[in-house]
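S.K.: Just so it is clear, I am handing over final39.cif, which has mmCIF, C-alpha atoms and all ligand atoms.
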data_final
#
loop_
_atom_site.label_atom_id
_atom_site.label_comp_id
_atom_site.auth_asym_id
_atom_site.auth_seq_id
_atom_site.Cartn_x
_atom_site.Cartn_y
_atom_site.Cartn_z
CA MET A 1 -17.42 -28.41 36.91
CA PHE A 2 -18.44 -29.96 33.59
CA LEU A 3 -17.52 -28.19 30.44
CA PHE A 4 -19.85 -28.75 27.51
CA LYS A 5 -18.71 -27.97 23.98
CA LYS A 6 -21.00 -25.27 22.62
CA LYS A 7 -23.00 -26.78 19.77
CA SER A 8 -23.94 -24.44 16.97
CA LYS A 9 -27.59 -24.32 16.05
CA PRO A 10 -28.49 -26.76 13.25
CA VAL A 11 -29.98 -25.15 10.17
CA GLU A 12 -32.12 -26.57 7.43
CA LYS A 13 -30.82 -27.09 3.94
CA ARG A 14 -32.39 -24.47 1.72
CA ILE A 15 -32.87 -24.57 -2.03
CA CYS A 16 -31.88 -21.11 -3.18
CA ASP A 17 -33.94 -18.94 -5.50
CA GLU A 18 -33.05 -16.10 -7.88
CA ARG A 19 -32.25 -13.79 -4.95
CA LEU A 20 -29.12 -15.83 -4.31
CA SER A 21 -27.56 -17.02 -7.53
CA HIS A 22 -23.88 -16.19 -6.95
CA ILE A 23 -21.76 -16.98 -3.87
CA ALA A 24 -18.08 -16.07 -3.64
CA PHE A 25 -15.77 -17.68 -1.07
CA ILE A 26 -12.55 -16.26 0.33
CA MET A 27 -11.09 -19.60 1.36
CA ASP A 28 -8.86 -18.51 4.23
CA GLY A 29 -7.26 -20.32 7.16
CA ASN A 30 -5.48 -23.27 5.55
CA GLY A 31 -2.15 -22.34 7.14
CA ARG A 32 -3.60 -21.93 10.63
CA TRP A 33 -5.47 -25.24 10.32
CA ALA A 34 -2.18 -27.03 9.60
CA LYS A 35 -0.23 -25.13 12.27
CA ARG A 36 -2.74 -26.12 14.95
CA ARG A 37 -2.01 -29.72 14.09
CA GLY A 38 1.76 -29.24 14.07
CA LEU A 39 1.80 -29.85 10.31
CA PRO A 40 3.43 -27.87 7.49
CA ARG A 41 1.13 -25.27 5.88
CA GLU A 42 0.99 -27.33 2.70
CA TYR A 43 -1.20 -29.90 4.49
CA GLY A 44 -3.72 -27.17 5.14
CA HIS A 45 -3.83 -26.34 1.44
CA LYS A 46 -4.28 -30.02 0.59
CA LYS A 47 -7.22 -30.37 2.96
CA GLY A 48 -8.53 -27.01 1.68
CA ALA A 49 -8.55 -28.32 -1.89
CA GLU A 50 -10.65 -31.33 -0.78
CA VAL A 51 -13.10 -29.02 0.96
CA LEU A 52 -13.37 -26.88 -2.18
CA ARG A 53 -14.51 -29.95 -4.17
CA LYS A 54 -17.19 -30.72 -1.61
CA ILE A 55 -18.43 -27.16 -1.16
CA ALA A 56 -18.61 -26.38 -4.90
CA ARG A 57 -20.73 -29.49 -5.44
CA TYR A 58 -22.95 -28.69 -2.46
CA CYS A 59 -23.59 -25.20 -3.85
CA GLY A 60 -24.85 -26.85 -7.05
CA ASP A 61 -27.11 -29.08 -4.94
CA ILE A 62 -28.76 -26.04 -3.36
CA ASN A 63 -29.24 -24.36 -6.75
CA ILE A 64 -26.45 -21.78 -6.65
CA LYS A 65 -25.77 -20.88 -10.30
CA VAL A 66 -22.36 -19.21 -9.91
CA VAL A 67 -19.62 -20.05 -7.42
CA THR A 68 -16.44 -17.97 -7.29
CA VAL A 69 -13.50 -19.05 -5.15
CA TYR A 70 -10.40 -17.09 -4.23
CA ALA A 71 -7.58 -19.58 -4.67
CA PHE A 72 -4.46 -17.40 -5.01
CA SER A 73 -4.08 -13.64 -4.92
CA THR A 74 -1.66 -11.37 -6.78
CA GLU A 75 -0.04 -10.83 -3.36
CA ASN A 76 0.33 -14.52 -2.47
CA TRP A 77 3.58 -14.73 -4.50
CA LYS A 78 5.21 -13.16 -1.41
CA ARG A 79 5.01 -16.55 0.31
CA PRO A 80 7.93 -19.02 0.41
CA LYS A 81 8.54 -20.74 -2.93
CA HIS A 82 7.81 -24.21 -1.53
CA GLU A 83 4.35 -23.08 -0.42
CA VAL A 84 3.57 -21.39 -3.76
CA ASP A 85 4.78 -24.51 -5.62
CA ALA A 86 2.56 -26.72 -3.44
CA ILE A 87 -0.50 -24.56 -4.18
CA MET A 88 0.21 -24.64 -7.95
CA GLU A 89 0.58 -28.44 -7.77
CA LEU A 90 -2.79 -28.70 -6.00
CA LEU A 91 -4.37 -26.48 -8.66
CA ASP A 92 -2.99 -28.77 -11.34
CA GLU A 93 -4.60 -31.75 -9.54
CA TYR A 94 -7.82 -29.78 -9.16
CA LEU A 95 -7.88 -29.20 -12.93
CA ASP A 96 -7.65 -32.97 -13.46
CA PHE A 97 -10.56 -33.40 -11.06
CA LEU A 98 -12.61 -30.80 -12.97
CA PHE A 99 -12.11 -32.69 -16.26
CA THR A 100 -13.68 -35.77 -14.69
CA THR A 101 -16.59 -34.00 -12.96
CA MET A 102 -17.61 -31.03 -15.13
CA GLU A 103 -20.19 -33.02 -17.08
CA LYS A 104 -21.86 -34.56 -14.03
CA ASP A 105 -21.86 -31.20 -12.22
CA ASP A 106 -22.91 -29.36 -15.43
CA VAL A 107 -20.32 -26.71 -14.65
CA GLN A 108 -18.61 -24.22 -16.90
CA VAL A 109 -15.16 -23.43 -15.52
CA HIS A 110 -13.49 -20.01 -15.73
CA PHE A 111 -10.12 -19.07 -14.31
CA ILE A 112 -10.20 -15.39 -13.44
CA GLY A 113 -7.00 -13.42 -12.92
CA ASP A 114 -3.77 -12.79 -14.75
CA ASN A 115 -2.48 -16.16 -15.85
CA SER A 116 0.66 -14.79 -17.58
CA PRO A 117 3.10 -15.81 -14.78
CA LEU A 118 1.81 -19.42 -14.72
CA THR A 119 3.74 -22.26 -16.34
CA ASP A 120 2.87 -23.11 -19.96
CA ALA A 121 1.60 -26.53 -18.84
CA LEU A 122 -0.84 -24.96 -16.36
CA LYS A 123 -1.95 -22.33 -18.89
CA GLU A 124 -2.70 -25.04 -21.47
CA LYS A 125 -4.68 -27.12 -18.98
CA ILE A 126 -6.68 -24.06 -17.95
CA ALA A 127 -7.45 -23.20 -21.59
CA LYS A 128 -8.57 -26.80 -22.19
CA VAL A 129 -10.79 -27.04 -19.12
CA GLU A 130 -12.40 -23.73 -20.07
CA SER A 131 -13.08 -24.70 -23.68
CA ASP A 132 -14.22 -28.27 -22.84
CA SER A 133 -16.67 -26.99 -20.23
CA ALA A 134 -17.97 -23.94 -22.12
CA HIS A 135 -21.35 -25.53 -22.96
CA TYR A 136 -22.32 -26.47 -19.40
CA HIS A 137 -24.74 -24.35 -17.39
CA ARG A 138 -23.55 -23.64 -13.88
CA ILE A 139 -20.45 -21.47 -13.48
CA LEU A 140 -17.37 -22.02 -11.35
CA ASN A 141 -14.88 -19.13 -11.29
CA VAL A 142 -11.48 -19.96 -9.85
CA ALA A 143 -9.64 -16.75 -8.95
CA LEU A 144 -5.98 -17.53 -9.55
CA ASN A 145 -3.32 -14.83 -9.48
CA TYR A 146 -6.33 -12.59 -9.04
CA GLY A 147 -6.26 -9.07 -7.64
CA GLY A 148 -9.17 -6.64 -7.79
CA ARG A 149 -6.85 -3.71 -8.49
CA ASP A 150 -4.96 -5.65 -11.14
CA GLU A 151 -8.30 -6.54 -12.76
CA LEU A 152 -9.38 -2.88 -12.84
CA VAL A 153 -6.04 -1.72 -14.27
CA HIS A 154 -6.35 -4.44 -16.91
CA ALA A 155 -9.87 -3.22 -17.77
CA PHE A 156 -8.77 0.42 -17.96
CA ASN A 157 -5.86 -0.51 -20.23
CA SER A 158 -8.25 -2.39 -22.53
CA LEU A 159 -10.50 0.68 -22.71
CA ALA A 160 -7.50 2.93 -23.40
CA SER A 161 -6.18 0.72 -26.17
CA GLU A 162 -9.63 0.64 -27.77
CA GLY A 163 -9.59 4.45 -27.68
CA LYS A 164 -12.90 4.37 -25.80
CA LYS A 165 -14.34 7.73 -24.70
CA ASP A 166 -17.25 8.54 -22.34
CA ILE A 167 -16.70 5.30 -20.46
CA THR A 168 -19.74 3.86 -18.68
CA GLU A 169 -20.01 1.43 -15.74
CA GLU A 170 -21.16 -1.19 -18.22
CA ASP A 171 -18.02 -0.63 -20.36
CA VAL A 172 -15.85 -1.32 -17.29
CA ALA A 173 -17.90 -4.34 -16.16
CA GLN A 174 -17.62 -5.89 -19.62
CA ARG A 175 -13.83 -5.77 -19.45
CA LEU A 176 -13.50 -7.41 -16.03
CA TYR A 177 -12.55 -11.07 -15.69
CA THR A 178 -16.14 -11.65 -14.53
CA ALA A 179 -17.81 -10.23 -17.67
CA HIS A 180 -19.53 -13.63 -18.24
CA CYS A 181 -21.44 -13.58 -14.93
CA GLY A 182 -23.16 -11.22 -12.52
CA ASP A 183 -21.81 -9.79 -9.28
CA PRO A 184 -21.74 -11.97 -6.15
CA ASP A 185 -24.89 -11.75 -4.04
CA LEU A 186 -22.99 -13.14 -1.05
CA ILE A 187 -19.29 -13.14 -0.16
CA VAL A 188 -18.25 -15.62 2.52
CA ARG A 189 -14.88 -15.32 4.24
CA THR A 190 -13.63 -18.02 6.56
CA ALA A 191 -10.99 -17.90 9.32
CA GLY A 192 -12.00 -14.74 11.13
CA GLU A 193 -10.46 -11.99 9.02
CA GLN A 194 -12.93 -9.30 8.04
CA ARG A 195 -11.44 -7.81 4.90
CA LEU A 196 -11.57 -8.26 1.14
CA SER A 197 -7.81 -8.74 0.58
CA ASN A 198 -8.14 -7.35 -2.96
CA PHE A 199 -11.02 -9.67 -3.95
CA LEU A 200 -13.76 -8.52 -6.38
CA LEU A 201 -13.39 -4.84 -5.48
CA TRP A 202 -15.74 -3.62 -8.22
CA GLN A 203 -18.18 -6.51 -8.07
CA ALA A 204 -18.63 -6.39 -4.27
CA ALA A 205 -20.30 -2.94 -4.38
CA TYR A 206 -23.64 -4.34 -3.12
CA SER A 207 -22.73 -7.87 -2.05
CA GLU A 208 -23.77 -9.14 1.36
CA PHE A 209 -20.87 -10.30 3.56
CA TYR A 210 -20.72 -13.29 5.84
CA PHE A 211 -17.71 -13.83 8.08
CA THR A 212 -17.08 -16.94 10.12
CA ASP A 213 -14.23 -17.99 12.42
CA THR A 214 -14.34 -21.51 10.96
CA LEU A 215 -11.12 -22.25 9.09
CA TRP A 216 -11.59 -23.20 5.45
CA PRO A 217 -10.43 -26.84 5.90
CA ASP A 218 -13.16 -27.24 8.55
CA PHE A 219 -15.84 -25.51 6.46
CA SER A 220 -18.79 -27.81 5.75
CA PRO A 221 -22.11 -27.83 3.86
CA GLU A 222 -23.80 -26.94 7.19
CA ASP A 223 -21.68 -23.78 7.26
CA VAL A 224 -22.94 -22.96 3.77
CA ASP A 225 -26.50 -23.41 5.08
CA ARG A 226 -25.74 -20.98 7.91
CA ALA A 227 -24.38 -18.37 5.49
CA VAL A 228 -27.39 -18.84 3.21
CA ASP A 229 -29.80 -18.47 6.13
CA GLU A 230 -28.06 -15.29 7.17
CA PHE A 231 -28.26 -13.98 3.60
CA TYR A 232 -32.02 -14.52 3.50
CA SER A 233 -32.43 -12.61 6.76
CA ARG A 234 -30.87 -9.49 5.23
CA THR A 235 -32.65 -6.65 3.43
CA ARG A 236 -30.86 -5.42 0.33
CA ARG A 237 -31.76 -1.83 -0.39
CA TYR A 238 -29.19 -0.75 -2.99
CA GLY A 239 -29.42 2.75 -1.59
CA GLY A 240 -33.20 2.88 -1.88
CA ILE A 241 -35.92 2.48 0.73
CA LYS A 242 -37.79 -0.75 1.41
C1 LIG A 301 -5.83 -19.41 2.31
O1 LIG A 301 -5.26 -19.89 3.46
C2 LIG A 301 -5.21 -19.98 1.07
C3 LIG A 301 -4.36 -19.03 0.32
C4 LIG A 301 -4.18 -17.77 0.60
C5 LIG A 301 -3.66 -19.58 -0.83
P1 LIG A 301 -3.96 -19.22 4.10
O2 LIG A 301 -2.77 -19.92 3.54
O3 LIG A 301 -3.96 -17.75 3.91
O4 LIG A 301 -4.14 -19.60 5.62
P2 LIG A 301 -3.81 -18.68 6.87
O5 LIG A 301 -4.59 -17.41 6.70
O6 LIG A 301 -2.34 -18.43 6.85
O7 LIG A 301 -4.26 -19.49 8.04
C1 LIG A 302 -6.77 -13.99 0.73
O1 LIG A 302 -6.19 -14.58 1.84
C2 LIG A 302 -6.40 -14.75 -0.51
C3 LIG A 302 -6.97 -16.08 -0.65
C4 LIG A 302 -7.80 -16.65 0.16
C5 LIG A 302 -6.54 -16.78 -1.83
P1 LIG A 302 -4.80 -14.06 2.44
O2 LIG A 302 -4.47 -14.96 3.55
O3 LIG A 302 -3.79 -13.94 1.35
O4 LIG A 302 -5.18 -12.60 2.93
P2 LIG A 302 -4.51 -11.67 4.03
O5 LIG A 302 -3.04 -11.64 3.76
O6 LIG A 302 -4.82 -12.27 5.38
O7 LIG A 302 -5.18 -10.35 3.87
MG MG A 303 -4.72 -16.22 5.04
#
As structure tokens - that is how I would like this structure written.
M.R.:
Amino acid sequence: MFLFKKKSKPVEKRICDERLSHIAFIMDGNGRWAKRRGLPREYGHKKGAEVLRKIARYCGDINIKVVTVYAFSTENWKRPKHEVDAIMELLDEYLDFLFTTMEKDDVQVHFIGDNSPLTDALKEKIAKVESDSAHYHRILNVALNYGGRDELVHAFNSLASEGKKDITEEDVAQRLYTAHCGDPDLIVRTAGEQRLSNFLLWQAAYSEFYFTDTLWPDFSPEDVDRAVDEFYSRTRRYGGIK
């Protein structure tokens, strides 16, 4: 008997319109990708960082205005120190890459999350990349030491210290790390897990979700096309009737 590898259906590259301006990616599966190859998990993160560069650029090519990527959660500190150190080293390299590409990609970079536990060197680089890129037009949000609950607690503490009363949804939204951009239209999670893992809890209220078994280091522009196609097949009702 012959066994044929199942080929996934090719999809056409789409140029996105105002219905899809913000995509968020939960970049999961780096560890499993490395394990399947008998490699240390760090190799998966290295390959994952390369894929991030490619996917962020591709999103610009198809007219996505805002890309948000989950790079490191408030819970990821539970991992072995060598793995955390390797991820921080890759982020440092990624910052260097952003300095050389932000102009060409016309991208404004924001690190979202609590950066207080980061090293001073990393904090300074982040501040510089953010200020140097502030005048560009597309937005890249890198969620680093990000937790949705942490973000909400941070927002509530800001409101409390301002002595704010009669708090509105807008008041909360303005104090989130994402105050500079809208909510994600589409959240893509790779590697099979179907959960948020503390990502954009407030902002995901009416996002569309796309889950794929593809591991992040294998994720390609064609996979973005598939997610985009799926998004355009959905009807967003926001509780109303279409
Ligand atoms: C995602 O890949 C990257 C981070 C969480 C930093 P994982 O490292 O979680 O990969 P898996 O889920 O163990 O395969
Ligand atoms: C979510 O992935 C965090 C990032 C992708 C940075 P995890 O691998 O940490 O999530 P869980 O533990 O499977 O929920
Ligand atoms: Mg994971």
S.K.: Using all atoms listed in the file, which residues have at least one atom no more than 9 Å from ligand LIG 302 (chain A)? Output them as a ChimeraX atom specification.
M.R.: /A:25-31,69-76,143-146,189-190,193-199
S.K.: Create the file for the chosen residues now, containing C-alpha atoms and written as a PDB file, keeping the file's coordinate frame.
M.R.:
ATOM      1  CA  PHE A  25     -15.770 -17.680  -1.070  1.00  0.00           C
ATOM      2  CA  ILE A  26     -12.550 -16.260   0.330  1.00  0.00           C
ATOM      3  CA  MET A  27     -11.090 -19.600   1.360  1.00  0.00           C
ATOM      4  CA  ASP A  28      -8.860 -18.510   4.230  1.00  0.00           C
ATOM      5  CA  GLY A  29      -7.260 -20.320   7.160  1.00  0.00           C
ATOM      6  CA  ASN A  30      -5.480 -23.270   5.550  1.00  0.00           C
ATOM      7  CA  GLY A  31      -2.150 -22.340   7.140  1.00  0.00           C
ATOM      8  CA  VAL A  69     -13.500 -19.050  -5.150  1.00  0.00           C
ATOM      9  CA  TYR A  70     -10.400 -17.090  -4.230  1.00  0.00           C
ATOM     10  CA  ALA A  71      -7.580 -19.580  -4.670  1.00  0.00           C
ATOM     11  CA  PHE A  72      -4.460 -17.400  -5.010  1.00  0.00           C
ATOM     12  CA  SER A  73      -4.080 -13.640  -4.920  1.00  0.00           C
ATOM     13  CA  THR A  74      -1.660 -11.370  -6.780  1.00  0.00           C
ATOM     14  CA  GLU A  75      -0.040 -10.830  -3.360  1.00  0.00           C
ATOM     15  CA  ASN A  76       0.330 -14.520  -2.470  1.00  0.00           C
ATOM     16  CA  ALA A 143      -9.640 -16.750  -8.950  1.00  0.00           C
ATOM     17  CA  LEU A 144      -5.980 -17.530  -9.550  1.00  0.00           C
ATOM     18  CA  ASN A 145      -3.320 -14.830  -9.480  1.00  0.00           C
ATOM     19  CA  TYR A 146      -6.330 -12.590  -9.040  1.00  0.00           C
ATOM     20  CA  ARG A 189     -14.880 -15.320   4.240  1.00  0.00           C
ATOM     21  CA  THR A 190     -13.630 -18.020   6.560  1.00  0.00           C
ATOM     22  CA  GLU A 193     -10.460 -11.990   9.020  1.00  0.00           C
ATOM     23  CA  GLN A 194     -12.930  -9.300   8.040  1.00  0.00           C
ATOM     24  CA  ARG A 195     -11.440  -7.810   4.900  1.00  0.00           C
ATOM     25  CA  LEU A 196     -11.570  -8.260   1.140  1.00  0.00           C
ATOM     26  CA  SER A 197      -7.810  -8.740   0.580  1.00  0.00           C
ATOM     27  CA  ASN A 198      -8.140  -7.350  -2.960  1.00  0.00           C
ATOM     28  CA  PHE A 199     -11.020  -9.670  -3.950  1.00  0.00           C
TER      29      PHE A 199
END
S.K.: Distance atom CA of Glu83 of chain A-atom O4 of ligand LIG 301 (chain A), one decimal place?
M.R.: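 Between atom CA of Glu83 of chain A and atom O4 of ligand LIG 301 (chain A) the gap is 11.0 Å.
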S.K.: Taking all atoms listed in the file into account, which of A:Ser207, A:Lys81, A:Phe97, A:Phe111 comes nearest Lys54 of chain A?
M.R.: A:Phe97
S.K.: Ranking A:Leu201, A:Val67, A:Leu140, A:Leu118 by minimum distance to Val153 of chain A and counting all atoms listed in the file, which one comes first?
M.R.: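 Looking only at the distances to Val153 of chain A, the closest residue turns out to be A:Leu201.
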S.K.: Which is closer to Ser21 of chain A than all the others in A:Glu89, A:Asp132, A:Asp185, A:Asp150, using all atoms listed in the file?
M.R.: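 For Ser21 of chain A, the nearest of the given residues is A:Asp185.
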S.K.: Hey, which of A:Thr119, A:Thr68, A:Asn63, A:Thr178 ends up closest to Asp92 of chain A? Count all atoms listed in the file.
M.R.: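 Looking at the shortest contact to Asp92 of chain A, the residue is A:Thr119.
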S.K.: Which value, in Å to one decimal, gives the distance between atom CA of Arg138 of chain A and atom CA of Thr212 of chain A?
M.R.: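 Pair atom CA of Arg138 of chain A / atom CA of Thr212 of chain A returns 25.7 Å.
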S.K.: Just how far from atom CA of Asp114 of chain A is atom CA of Met88 of chain A, in Å to one decimal?
M.R.: 14.2 Å
S.K.: For Leu95 of chain A, which of A:Glu130, A:Asp120, A:Glu230, A:Asp166 is the closest residue, counting only C-alpha atoms?
M.R.: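 Closest to Leu95 of chain A of all the choices is A:Glu130.
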S.K.: Determine the nearest neighbour of ligand MG 303 (chain A) from the options A:Thr235, A:Ala56, A:Leu90, A:Trp216, counting only C-alpha atoms and all ligand atoms.
M.R.: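 Closest to ligand MG 303 (chain A) of all the choices is A:Trp216.
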S.K.: Tell me which protein, DNA and RNA residues are within 7 Å of Ile187 of chain A, counting all atoms listed in the file, leaving out same-chain ones fewer than 3 positions away, and put them as an NGL selection string.
M.R.: :A and (23-25 or 184 or 207-210)
S.K.: I want to know what sits within 9 Å of Val224 of chain A, based on only C-alpha atoms, with residues of the same chain fewer than 5 positions away left out; could you give that as a list in words?
M.R.: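 In the requested format, the answer is Lys13, Ile55, Tyr58, Cys59, Val188, Phe219 and Asp229 of chain A.
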S.K.: For the point (-5.1, -26.5, -15.5) in file coordinates, what residues are within 8 Å, counting only C-alpha atoms? Give the answer as a compact mmCIF listing (two decimals) with C-alpha atoms, in the frame of the given file?
M.R.:
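So the final result, stored in out35.txt, reads:
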# COMPACT_ATOMS: atom_id res chain seq x y z
CA LEU A 91 -4.37 -26.48 -8.66
CA ASP A 92 -2.99 -28.77 -11.34
CA GLU A 93 -4.60 -31.75 -9.54
CA TYR A 94 -7.82 -29.78 -9.16
CA LEU A 95 -7.88 -29.20 -12.93
CA ASP A 96 -7.65 -32.97 -13.46
CA ALA A 121 1.60 -26.53 -18.84
CA LEU A 122 -0.84 -24.96 -16.36
CA LYS A 123 -1.95 -22.33 -18.89
CA GLU A 124 -2.70 -25.04 -21.47
CA LYS A 125 -4.68 -27.12 -18.98
CA ILE A 126 -6.68 -24.06 -17.95
CA ALA A 127 -7.45 -23.20 -21.59
CA LYS A 128 -8.57 -26.80 -22.19
CA VAL A 129 -10.79 -27.04 -19.12
